[in-house]
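*Asks:* If it helps, the file is called entry_3.txt and holds compact mmCIF, C-alpha atoms and all ligand atoms:
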```
# COMPACT_ATOMS: atom_id res chain seq x y z
CA MET P 26 77.43 107.11 100.81
CA ASN P 27 75.57 109.23 98.26
CA VAL P 28 76.46 109.11 94.59
CA TYR P 29 78.33 112.43 94.46
CA GLU P 30 80.40 111.55 97.53
CA ALA P 31 81.24 108.17 95.99
CA ILE P 32 82.29 109.81 92.72
CA LEU P 33 84.67 112.17 94.54
CA LYS P 34 86.02 109.46 96.84
CA ARG P 35 86.64 106.89 94.10
CA ARG P 36 90.29 106.17 93.37
CA THR P 37 91.92 103.44 91.38
CA ILE P 38 93.17 100.73 93.75
CA ARG P 39 96.23 98.62 92.91
CA LYS P 40 96.81 96.84 96.24
CA PHE P 41 94.19 94.46 97.58
CA THR P 42 93.67 92.31 100.68
CA GLN P 43 93.29 88.64 99.88
CA GLN P 44 89.69 88.44 101.16
CA THR P 45 87.54 86.88 98.45
CA ILE P 46 84.46 88.60 97.02
CA ASP P 47 81.13 86.77 97.09
CA ARG P 48 79.85 85.69 93.68
CA ASP P 49 76.56 87.48 94.44
CA ILE P 50 78.38 90.79 94.87
CA LEU P 51 80.24 90.30 91.57
CA LYS P 52 76.91 89.59 89.90
CA LYS P 53 75.51 92.80 91.39
CA LEU P 54 78.40 94.77 89.84
CA VAL P 55 77.73 93.27 86.40
CA ASN P 56 74.07 94.09 86.85
CA ALA P 57 75.00 97.74 87.49
CA ALA P 58 77.04 97.70 84.25
CA ARG P 59 74.23 96.02 82.33
CA VAL P 60 71.79 98.91 82.85
CA ALA P 61 74.15 101.76 81.90
CA PRO P 62 73.22 104.22 79.15
CA GLN P 63 74.04 102.69 75.73
CA GLY P 64 74.12 104.27 72.28
CA ALA P 65 70.87 103.40 70.38
CA ASN P 66 70.26 101.05 73.33
CA LEU P 67 72.10 98.34 71.37
CA GLN P 68 73.75 96.90 74.52
CA PRO P 69 76.61 95.15 72.74
CA LEU P 70 78.54 94.35 75.91
CA LYS P 71 78.97 90.99 77.62
CA TYR P 72 80.79 90.29 80.88
CA ILE P 73 82.95 87.47 82.18
CA ILE P 74 83.23 87.10 85.95
CA ILE P 75 86.57 85.53 86.85
CA ASP P 76 86.59 84.33 90.45
CA GLU P 77 88.10 80.87 90.09
CA GLN P 78 91.34 80.92 92.09
CA THR P 79 93.22 78.72 89.62
CA LEU P 80 92.66 81.22 86.79
CA LEU P 81 93.90 84.29 88.66
CA PRO P 82 97.69 83.90 88.17
CA ALA P 83 97.42 83.50 84.39
CA ILE P 84 95.04 86.47 84.12
CA PHE P 85 97.37 88.59 86.25
CA GLU P 86 100.15 87.91 83.74
CA THR P 87 98.09 89.65 81.03
CA THR P 88 97.95 92.96 82.96
CA LYS P 89 100.17 96.03 83.26
CA TRP P 90 99.93 98.37 86.21
CA ALA P 91 100.40 102.11 86.66
CA GLY P 92 102.30 103.03 83.48
CA TYR P 93 103.87 106.19 84.97
CA LEU P 94 105.37 104.16 87.82
CA TYR P 95 105.96 100.90 85.99
CA PRO P 96 106.95 98.42 87.36
CA HIS P 97 106.99 99.93 90.85
CA ALA P 98 103.22 99.92 91.46
CA THR P 99 102.61 96.38 90.23
CA PRO P 100 100.83 94.50 93.04
CA GLU P 101 103.02 92.10 95.03
CA ALA P 102 101.89 88.45 95.26
CA GLU P 103 99.95 89.10 98.48
CA GLU P 104 98.31 92.25 97.12
CA ARG P 105 96.88 91.01 93.84
CA PRO P 106 93.24 91.24 92.73
CA VAL P 107 90.98 88.42 93.94
CA ALA P 108 88.62 88.67 90.97
CA TYR P 109 88.34 90.23 87.52
CA ILE P 110 85.48 91.20 85.27
CA VAL P 111 86.23 91.15 81.55
CA ILE P 112 84.14 93.48 79.39
CA LEU P 113 83.51 92.09 75.91
CA ASN P 114 81.99 93.75 72.88
CA ASP P 115 79.77 91.46 70.83
CA LEU P 116 80.82 92.25 67.24
CA ASN P 117 77.59 90.71 65.97
CA ILE P 118 75.73 93.56 67.69
CA LYS P 119 78.10 96.51 67.21
CA LYS P 120 81.07 96.74 64.82
CA ALA P 121 82.42 100.16 65.84
CA GLY P 122 82.08 102.75 68.56
CA TRP P 123 81.41 100.41 71.50
CA GLU P 124 84.14 102.04 73.59
CA ILE P 125 81.82 104.79 74.80
CA ASP P 126 79.19 102.22 75.79
CA ALA P 127 81.90 100.34 77.66
CA GLY P 128 83.00 103.53 79.44
CA ALA P 129 79.51 104.14 80.79
CA ALA P 130 79.07 100.51 81.83
CA ILE P 131 82.46 100.27 83.52
CA GLU P 132 81.97 103.46 85.52
CA ASN P 133 78.62 102.08 86.76
CA LEU P 134 80.38 98.88 87.77
CA ILE P 135 83.14 100.75 89.58
CA LEU P 136 80.75 102.98 91.53
CA ALA P 137 78.60 100.01 92.51
CA ALA P 138 81.80 98.34 93.76
CA MET P 139 82.50 101.37 95.93
CA GLN P 140 79.19 100.92 97.69
CA GLU P 141 80.35 97.38 98.55
CA GLU P 142 83.70 98.84 99.73
CA ILE P 143 85.45 96.98 96.94
CA GLY P 144 88.42 98.59 95.21
CA THR P 145 88.84 98.43 91.44
CA CYS P 146 91.43 99.07 88.78
CA TRP P 147 90.19 99.58 85.22
CA LEU P 148 92.72 97.79 83.02
CA GLY P 149 93.17 98.79 79.39
CA ALA P 150 96.82 97.80 79.02
CA ILE P 151 96.08 94.10 78.73
CA ASP P 152 97.18 91.27 76.47
CA ARG P 153 93.86 90.71 74.72
CA ASN P 154 95.00 87.73 72.66
CA LYS P 155 96.30 85.98 75.74
CA ILE P 156 93.02 86.63 77.61
CA LYS P 157 91.04 85.19 74.68
CA GLU P 158 93.27 82.12 74.72
CA ILE P 159 93.10 81.54 78.49
CA LEU P 160 89.30 81.92 78.62
CA ASN P 161 88.47 80.30 75.26
CA ILE P 162 86.65 83.40 74.03
CA PRO P 163 85.13 83.01 70.53
CA ASN P 164 86.09 85.55 67.82
CA GLN P 165 82.59 87.01 67.91
CA TYR P 166 83.76 88.94 70.98
CA HIS P 167 86.33 91.71 71.27
CA VAL P 168 88.04 91.97 74.66
CA GLU P 169 87.46 95.64 75.47
CA SER P 170 88.75 96.12 79.01
CA MET P 171 89.09 94.32 82.26
CA VAL P 172 88.37 95.48 85.80
CA ALA P 173 90.48 94.08 88.63
CA LEU P 174 88.74 93.78 91.98
CA GLY P 175 89.45 93.27 95.67
CA TYR P 176 89.08 94.88 99.06
CA PRO P 177 91.47 97.87 99.17
CA LYS P 178 94.85 97.68 100.87
CA GLU P 179 95.86 101.24 99.99
CA GLN P 180 94.26 104.67 100.16
CA PRO P 181 95.42 106.88 97.29
CA VAL P 182 94.76 110.59 97.62
CA MET P 183 93.55 113.07 95.04
CA GLU P 184 95.15 116.48 94.65
CA GLU P 185 94.45 119.50 92.46
CA ARG P 186 97.14 120.23 89.89
CA ASN P 187 97.19 121.55 86.32
CA GLU P 188 100.86 121.46 85.31
CA ASN P 189 101.81 117.83 85.77
CA ILE P 190 99.08 115.19 85.75
CA LYS P 191 101.38 112.22 86.40
CA TYR P 192 100.44 110.33 89.53
CA TYR P 193 103.30 109.65 91.95
CA LYS P 194 104.10 107.98 95.25
CA ASP P 195 105.38 110.02 98.19
CA ASN P 196 108.13 108.76 100.50
CA GLN P 197 105.54 106.90 102.59
CA GLY P 198 104.39 104.99 99.54
CA ILE P 199 101.04 106.82 99.29
CA LEU P 200 99.81 107.29 95.73
CA HIS P 201 98.87 110.88 94.82
CA VAL P 202 96.53 111.37 91.86
CA PRO P 203 96.47 114.89 90.37
CA LYS P 204 93.21 116.12 88.90
CA ARG P 205 93.01 119.28 86.80
CA THR P 206 91.22 122.01 88.74
CA PHE P 207 87.59 122.94 88.18
CA ASP P 208 88.52 126.38 86.82
CA GLU P 209 90.93 124.78 84.34
CA VAL P 210 88.28 122.55 82.79
CA VAL P 211 85.09 124.63 82.78
CA PHE P 212 83.82 127.31 80.38
CA TYR P 213 80.50 129.12 80.51
CA ASN P 214 78.32 129.68 77.46
CA LYS P 215 80.30 131.49 74.70
CA GLY P 216 83.33 131.99 76.96
CA VAL P 217 85.54 129.22 75.55
CA GLU P 218 89.14 130.42 75.72
CA GLN P 219 92.36 129.09 74.27
CA ARG P 220 94.40 127.81 77.19
C1 LIG G 1 90.50 103.43 79.76
C2 LIG G 1 91.34 103.24 80.99
C3 LIG G 1 92.37 102.32 80.98
C4 LIG G 1 93.16 102.13 82.11
N1 LIG G 1 94.14 101.16 82.08
C5 LIG G 1 94.92 100.97 83.18
C6 LIG G 1 95.89 99.93 83.17
O1 LIG G 1 96.02 99.19 82.21
N2 LIG G 1 96.63 99.78 84.28
C7 LIG G 1 96.49 100.56 85.39
O2 LIG G 1 97.20 100.35 86.37
N3 LIG G 1 95.55 101.55 85.43
C8 LIG G 1 94.76 101.77 84.36
N4 LIG G 1 93.78 102.74 84.38
C9 LIG G 1 93.58 103.54 85.60
C10 LIG G 1 94.13 104.99 85.44
O3 LIG G 1 95.54 104.96 85.49
C11 LIG G 1 93.55 105.88 86.54
O4 LIG G 1 92.15 105.98 86.35
C12 LIG G 1 94.16 107.28 86.53
O5 LIG G 1 95.52 107.22 86.88
C13 LIG G 1 93.46 108.23 87.48
O6 LIG G 1 93.40 107.71 88.78
P1 LIG G 1 92.01 107.55 89.53
O7 LIG G 1 91.26 106.47 88.82
O8 LIG G 1 92.36 107.19 90.95
O9 LIG G 1 91.29 108.87 89.43
C14 LIG G 1 92.95 102.92 83.28
C15 LIG G 1 91.88 103.84 83.29
C16 LIG G 1 91.08 103.99 82.17
C17 LIG G 1 89.92 104.95 82.23
```
Once you've parsed the file, please lay out its structure as structure tokens.

*Replies:*
Amino acid sequence: MNVYEAILKRRTIRKFTQQTIDRDILKKLVNAARVAPQGANLQPLKYIIIDEQTLLPAIFETTKWAGYLYPHATPEAEERPVAYIVILNDLNIKKAGWEIDAGAAIENLILAAMQEEIGTCWLGAIDRNKIKEILNIPNQYHVESMVALGYPKEQPVMEERNENIKYYKDNQGILHVPKRTFDEVVFYNKGVEQR
């Protein structure tokens, strides 16, 4: 799969098979994040790979899934992620503005996961204090985001729509993800219009 195809095909996955992911693959995903573009090349981010089975239930409790459908798209017990990667910002390296660095790193991670046919859900609605407590994370680190991982057990579809961007499930349970159309989001040169 080439990069552009992967970018278009990527969808957030919220249902996973229970097949485990090799530690080496998880390391490869962190490595992809590690080399992302970073402001002033400060590289303030650190990563925690969570693949120990006994930790997964407690980590799952810190997550919230699909706000527009909540709680109807929360993974059932047999559909939950089999691993997580926590993205930390090292406050000793960067005190503000790390979110953009994290965005670049996380997208790298997610696209590298696609190549391994691993589904991901970027999780921002997380209980950061609880995560710090469960994993004994020192205060030097801010819990930025978490990525949930597993082999996909659903195939969401993208559709083009400008009016209502809320994702929804059809009567077969398939998740539809609206994306604003190309013409809606692009301007050329001095042709920026009020829309
Ligand atoms: C910063 C950020 C935070 C997100 N947090 C959550 C989350 O907490 N829970 C969740 O289910 N999805 C979360 N998502 C996934 C979005 O809901 C998803 O990207 C969006 O609906 C578009 O779907 P797509 O990724 O398939 O294009 C998050 C995405 C981003 C970029």

*Asks:* Enumerate as a list in words the residues within 8 Å of ligand LIG 1 (chain G), counting all atoms listed in the file.

*Replies:*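 What falls inside 8 Å of ligand LIG 1 (chain G) is Arg35, Arg36, Thr37, Ile38, Arg39, Thr88, Lys89, Trp90, Ala91, Gly92, Ala98, Thr99, Gly128, Cys146, Trp147, Leu148, Gly149, Ala150, Ile151, Ser170, Pro181, Val182, Met183, Lys191, Tyr192, Val202, Pro203 and Lys204 of chain P.
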
*Asks:* My list of candidates is P:Glu30, P:Asp49, P:Asp76, P:Asp115. Which is closest to Glu169 of chain P when distances are computed with all atoms listed in the file?

*Replies:*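 Among P:Glu30, P:Asp49, P:Asp76, P:Asp115, it is P:Asp115 that comes nearest to Glu169 of chain P.
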
*Asks:* Taking all atoms listed in the file into account, which of P:Val217, P:Ile125, P:Leu94, P:Leu113 comes nearest Ala61 of chain P?

*Replies:* P:Ile125

*Asks:* Skipping near chain neighbours, those fewer than 2 positions away, what residues fall within 10 Å of Ile110 of chain P using all atoms listed in the file, listed as a PDB file with C-alpha atoms, in the coordinates of the input?

*Replies:*
```
ATOM      1  CA  LEU P  51      80.240  90.300  91.570  1.00  0.00           C
ATOM      2  CA  LYS P  52      76.910  89.590  89.900  1.00  0.00           C
ATOM      3  CA  LEU P  54      78.400  94.770  89.840  1.00  0.00           C
ATOM      4  CA  VAL P  55      77.730  93.270  86.400  1.00  0.00           C
ATOM      5  CA  TYR P  72      80.790  90.290  80.880  1.00  0.00           C
ATOM      6  CA  ILE P  73      82.950  87.470  82.180  1.00  0.00           C
ATOM      7  CA  ILE P  74      83.230  87.100  85.950  1.00  0.00           C
ATOM      8  CA  ILE P  75      86.570  85.530  86.850  1.00  0.00           C
ATOM      9  CA  ASP P  76      86.590  84.330  90.450  1.00  0.00           C
ATOM     10  CA  ALA P 108      88.620  88.670  90.970  1.00  0.00           C
ATOM     11  CA  ILE P 112      84.140  93.480  79.390  1.00  0.00           C
ATOM     12  CA  LEU P 113      83.510  92.090  75.910  1.00  0.00           C
ATOM     13  CA  ILE P 131      82.460 100.270  83.520  1.00  0.00           C
ATOM     14  CA  LEU P 134      80.380  98.880  87.770  1.00  0.00           C
ATOM     15  CA  TRP P 147      90.190  99.580  85.220  1.00  0.00           C
ATOM     16  CA  SER P 170      88.750  96.120  79.010  1.00  0.00           C
ATOM     17  CA  MET P 171      89.090  94.320  82.260  1.00  0.00           C
ATOM     18  CA  VAL P 172      88.370  95.480  85.800  1.00  0.00           C
ATOM     19  CA  ALA P 173      90.480  94.080  88.630  1.00  0.00           C
ATOM     20  CA  LEU P 174      88.740  93.780  91.980  1.00  0.00           C
TER      21      LEU P 174
END
```

*Asks:* Please work out which residues fall within 10 Å of (80.1, 85.0, 66.9), coordinates as given in the file, with only C-alpha atoms counting, and return them as a PyMOL selection string.

*Replies:* chain P and resi 115-118+162-166

*Asks:* Can you measure atom CA of Glu101 of chain P to atom CA of Asp152 of chain P for me? One decimal in Å is fine.

*Replies:*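 Pair atom CA of Glu101 of chain P / atom CA of Asp152 of chain P returns 19.5 Å.
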
*Asks:* Using all atoms listed in the file, which of the listed residues (P:Ala58, P:Leu200, P:Ala102, P:Ile46) sits closest to Glu141 of chain P?

*Replies:*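 Closest to Glu141 of chain P, using all atoms listed in the file: P:Ile46.
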
*Asks:* Could you give me, as a Markdown table, every segment 122-164 of chain P residue with an atom at most 12 Å from segment 79-84 of chain P, plus its closest atom pair and distance in Å to one decimal, counting only C-alpha atoms, rows ordered by chain then number?

*Replies:*
```
| residue | atom | partner | partner_atom | distance |
| --- | --- | --- | --- | --- |
| P:Leu148 | CA | P:Ile84 | CA | 11.6 |
| P:Ile151 | CA | P:Ile84 | CA | 9.4 |
| P:Asp152 | CA | P:Ile84 | CA | 9.3 |
| P:Arg153 | CA | P:Ile84 | CA | 10.4 |
| P:Asn154 | CA | P:Ile84 | CA | 11.5 |
| P:Lys155 | CA | P:Ile84 | CA | 8.5 |
| P:Ile156 | CA | P:Ile84 | CA | 6.8 |
| P:Lys157 | CA | P:Ile84 | CA | 10.3 |
| P:Glu158 | CA | P:Ile84 | CA | 10.5 |
| P:Ile159 | CA | P:Ala83 | CA | 7.6 |
| P:Leu160 | CA | P:Leu80 | CA | 8.9 |
```

*Asks:* Using atom CA of Ile199 of chain P and atom CA of Pro177 of chain P as the two end points, give the distance in Å to one decimal.

*Replies:*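 Those two atoms sit 13.1 Å apart.
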
*Asks:* List as a compact mmCIF listing (two decimals) with C-alpha atoms, in the frame of the given file the residues having at least one atom at most 10 Å from position (82.3, 103.2, 74.0) as given in the file, counting all atoms listed in the file.

*Replies:*
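Generated output (selection09.txt):
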```txt
# COMPACT_ATOMS: atom_id res chain seq x y z
CA GLN P 63 74.04 102.69 75.73
CA GLY P 64 74.12 104.27 72.28
CA PRO P 69 76.61 95.15 72.74
CA LEU P 70 78.54 94.35 75.91
CA ASN P 114 81.99 93.75 72.88
CA ALA P 121 82.42 100.16 65.84
CA GLY P 122 82.08 102.75 68.56
CA TRP P 123 81.41 100.41 71.50
CA GLU P 124 84.14 102.04 73.59
CA ILE P 125 81.82 104.79 74.80
CA ASP P 126 79.19 102.22 75.79
CA ALA P 127 81.90 100.34 77.66
CA GLY P 128 83.00 103.53 79.44
CA ALA P 129 79.51 104.14 80.79
CA ALA P 130 79.07 100.51 81.83
CA ILE P 131 82.46 100.27 83.52
CA GLU P 169 87.46 95.64 75.47
```

*Asks:* Taking all atoms listed in the file into account, which of P:Arg59, P:Arg105, P:Arg48, P:Lys71 comes nearest Gly175 of chain P?

*Replies:*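 Looking at the shortest contact to Gly175 of chain P, the residue is P:Arg105.
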
*Asks:* Can you work out the spacing between atom CA of Asn214 of chain P and atom CA of Glu188 of chain P in Å, to one decimal?

*Replies:*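 Spanning atom CA of Asn214 of chain P to atom CA of Glu188 of chain P is a straight-line distance of 25.2 Å.
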
*Asks:* Could you check which of P:His97, P:Lys34, P:Arg186, P:Arg205 is closest to Glu142 of chain P, using all atoms listed in the file?

*Replies:*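 For Glu142 of chain P, the nearest of the candidates is P:Lys34.
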
*Asks:* Some atoms are missing, so please complete segment 128-150 of chain P with N, CA, C and O atoms and return it as an mmCIF file, in the coordinates of the input.

*Replies:*
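The file below, result_6.cif, is the result:
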```cif
data_model
loop_
_atom_site.group_PDB
_atom_site.id
_atom_site.type_symbol
_atom_site.label_atom_id
_atom_site.label_comp_id
_atom_site.auth_asym_id
_atom_site.auth_seq_id
_atom_site.Cartn_x
_atom_site.Cartn_y
_atom_site.Cartn_z
ATOM 1 N N GLY P 128 82.631 102.543 78.421
ATOM 2 C CA GLY P 128 83.000 103.530 79.440
ATOM 3 C C GLY P 128 81.870 103.753 80.431
ATOM 4 O O GLY P 128 82.088 103.763 81.652
ATOM 5 N N ALA P 129 80.659 103.911 79.905
ATOM 6 C CA ALA P 129 79.510 104.140 80.790
ATOM 7 C C ALA P 129 79.262 102.919 81.673
ATOM 8 O O ALA P 129 79.031 103.048 82.883
ATOM 9 N N ALA P 130 79.341 101.745 81.083
ATOM 10 C CA ALA P 130 79.070 100.510 81.830
ATOM 11 C C ALA P 130 80.121 100.290 82.923
ATOM 12 O O ALA P 130 79.799 99.924 84.061
ATOM 13 N N ILE P 131 81.371 100.537 82.565
ATOM 14 C CA ILE P 131 82.460 100.270 83.520
ATOM 15 C C ILE P 131 82.391 101.253 84.689
ATOM 16 O O ILE P 131 82.605 100.876 85.842
ATOM 17 N N GLU P 132 82.077 102.503 84.413
ATOM 18 C CA GLU P 132 81.970 103.460 85.520
ATOM 19 C C GLU P 132 80.816 103.051 86.463
ATOM 20 O O GLU P 132 80.955 103.132 87.687
ATOM 21 N N ASN P 133 79.708 102.609 85.909
ATOM 22 C CA ASN P 133 78.620 102.080 86.760
ATOM 23 C C ASN P 133 79.138 100.961 87.659
ATOM 24 O O ASN P 133 78.873 100.919 88.858
ATOM 25 N N LEU P 134 79.856 100.041 87.041
ATOM 26 C CA LEU P 134 80.380 98.880 87.770
ATOM 27 C C LEU P 134 81.296 99.323 88.917
ATOM 28 O O LEU P 134 81.185 98.858 90.060
ATOM 29 N N ILE P 135 82.163 100.275 88.606
ATOM 30 C CA ILE P 135 83.140 100.750 89.580
ATOM 31 C C ILE P 135 82.461 101.461 90.758
ATOM 32 O O ILE P 135 82.822 101.267 91.919
ATOM 33 N N LEU P 136 81.454 102.264 90.454
ATOM 34 C CA LEU P 136 80.750 102.980 91.530
ATOM 35 C C LEU P 136 79.924 102.018 92.378
ATOM 36 O O LEU P 136 79.855 102.162 93.599
ATOM 37 N N ALA P 137 79.329 101.015 91.737
ATOM 38 C CA ALA P 137 78.600 100.010 92.510
ATOM 39 C C ALA P 137 79.562 99.244 93.414
ATOM 40 O O ALA P 137 79.231 98.896 94.552
ATOM 41 N N ALA P 138 80.778 99.014 92.938
ATOM 42 C CA ALA P 138 81.800 98.340 93.760
ATOM 43 C C ALA P 138 82.140 99.185 94.986
ATOM 44 O O ALA P 138 82.327 98.669 96.087
ATOM 45 N N MET P 139 82.196 100.484 94.799
ATOM 46 C CA MET P 139 82.500 101.370 95.930
ATOM 47 C C MET P 139 81.490 101.202 97.047
ATOM 48 O O MET P 139 81.830 101.215 98.220
ATOM 49 N N GLN P 140 80.224 101.088 96.667
ATOM 50 C CA GLN P 140 79.190 100.920 97.690
ATOM 51 C C GLN P 140 79.422 99.647 98.507
ATOM 52 O O GLN P 140 79.093 99.576 99.677
ATOM 53 N N GLU P 141 80.041 98.643 97.865
ATOM 54 C CA GLU P 141 80.350 97.380 98.550
ATOM 55 C C GLU P 141 81.718 97.432 99.216
ATOM 56 O O GLU P 141 82.237 96.407 99.667
ATOM 57 N N GLU P 142 82.349 98.627 99.176
ATOM 58 C CA GLU P 142 83.700 98.840 99.730
ATOM 59 C C GLU P 142 84.750 97.990 99.033
ATOM 60 O O GLU P 142 85.745 97.570 99.623
ATOM 61 N N ILE P 143 84.505 97.744 97.766
ATOM 62 C CA ILE P 143 85.450 96.980 96.940
ATOM 63 C C ILE P 143 86.234 97.960 96.075
ATOM 64 O O ILE P 143 85.662 98.880 95.483
ATOM 65 N N GLY P 144 87.553 97.755 96.037
ATOM 66 C CA GLY P 144 88.420 98.590 95.210
ATOM 67 C C GLY P 144 88.520 98.000 93.809
ATOM 68 O O GLY P 144 88.411 96.781 93.618
ATOM 69 N N THR P 145 88.767 98.885 92.834
ATOM 70 C CA THR P 145 88.840 98.430 91.440
ATOM 71 C C THR P 145 90.009 99.111 90.728
ATOM 72 O O THR P 145 90.405 100.220 91.077
ATOM 73 N N CYS P 146 90.507 98.431 89.722
ATOM 74 C CA CYS P 146 91.430 99.070 88.780
ATOM 75 C C CYS P 146 90.951 98.721 87.378
ATOM 76 O O CYS P 146 90.900 97.548 86.997
ATOM 77 N N TRP P 147 90.580 99.734 86.640
ATOM 78 C CA TRP P 147 90.190 99.580 85.220
ATOM 79 C C TRP P 147 91.476 99.282 84.458
ATOM 80 O O TRP P 147 92.455 100.028 84.551
ATOM 81 N N LEU P 148 91.496 98.201 83.713
ATOM 82 C CA LEU P 148 92.720 97.790 83.020
ATOM 83 C C LEU P 148 92.501 97.812 81.504
ATOM 84 O O LEU P 148 91.693 97.043 80.970
ATOM 85 N N GLY P 149 93.232 98.720 80.846
ATOM 86 C CA GLY P 149 93.170 98.790 79.390
ATOM 87 C C GLY P 149 94.446 98.258 78.755
ATOM 88 O O GLY P 149 94.445 97.810 77.609
ATOM 89 N N ALA P 150 95.536 98.301 79.525
ATOM 90 C CA ALA P 150 96.820 97.800 79.020
ATOM 91 C C ALA P 150 96.898 96.304 79.299
ATOM 92 O O ALA P 150 97.552 95.847 80.242
#
```
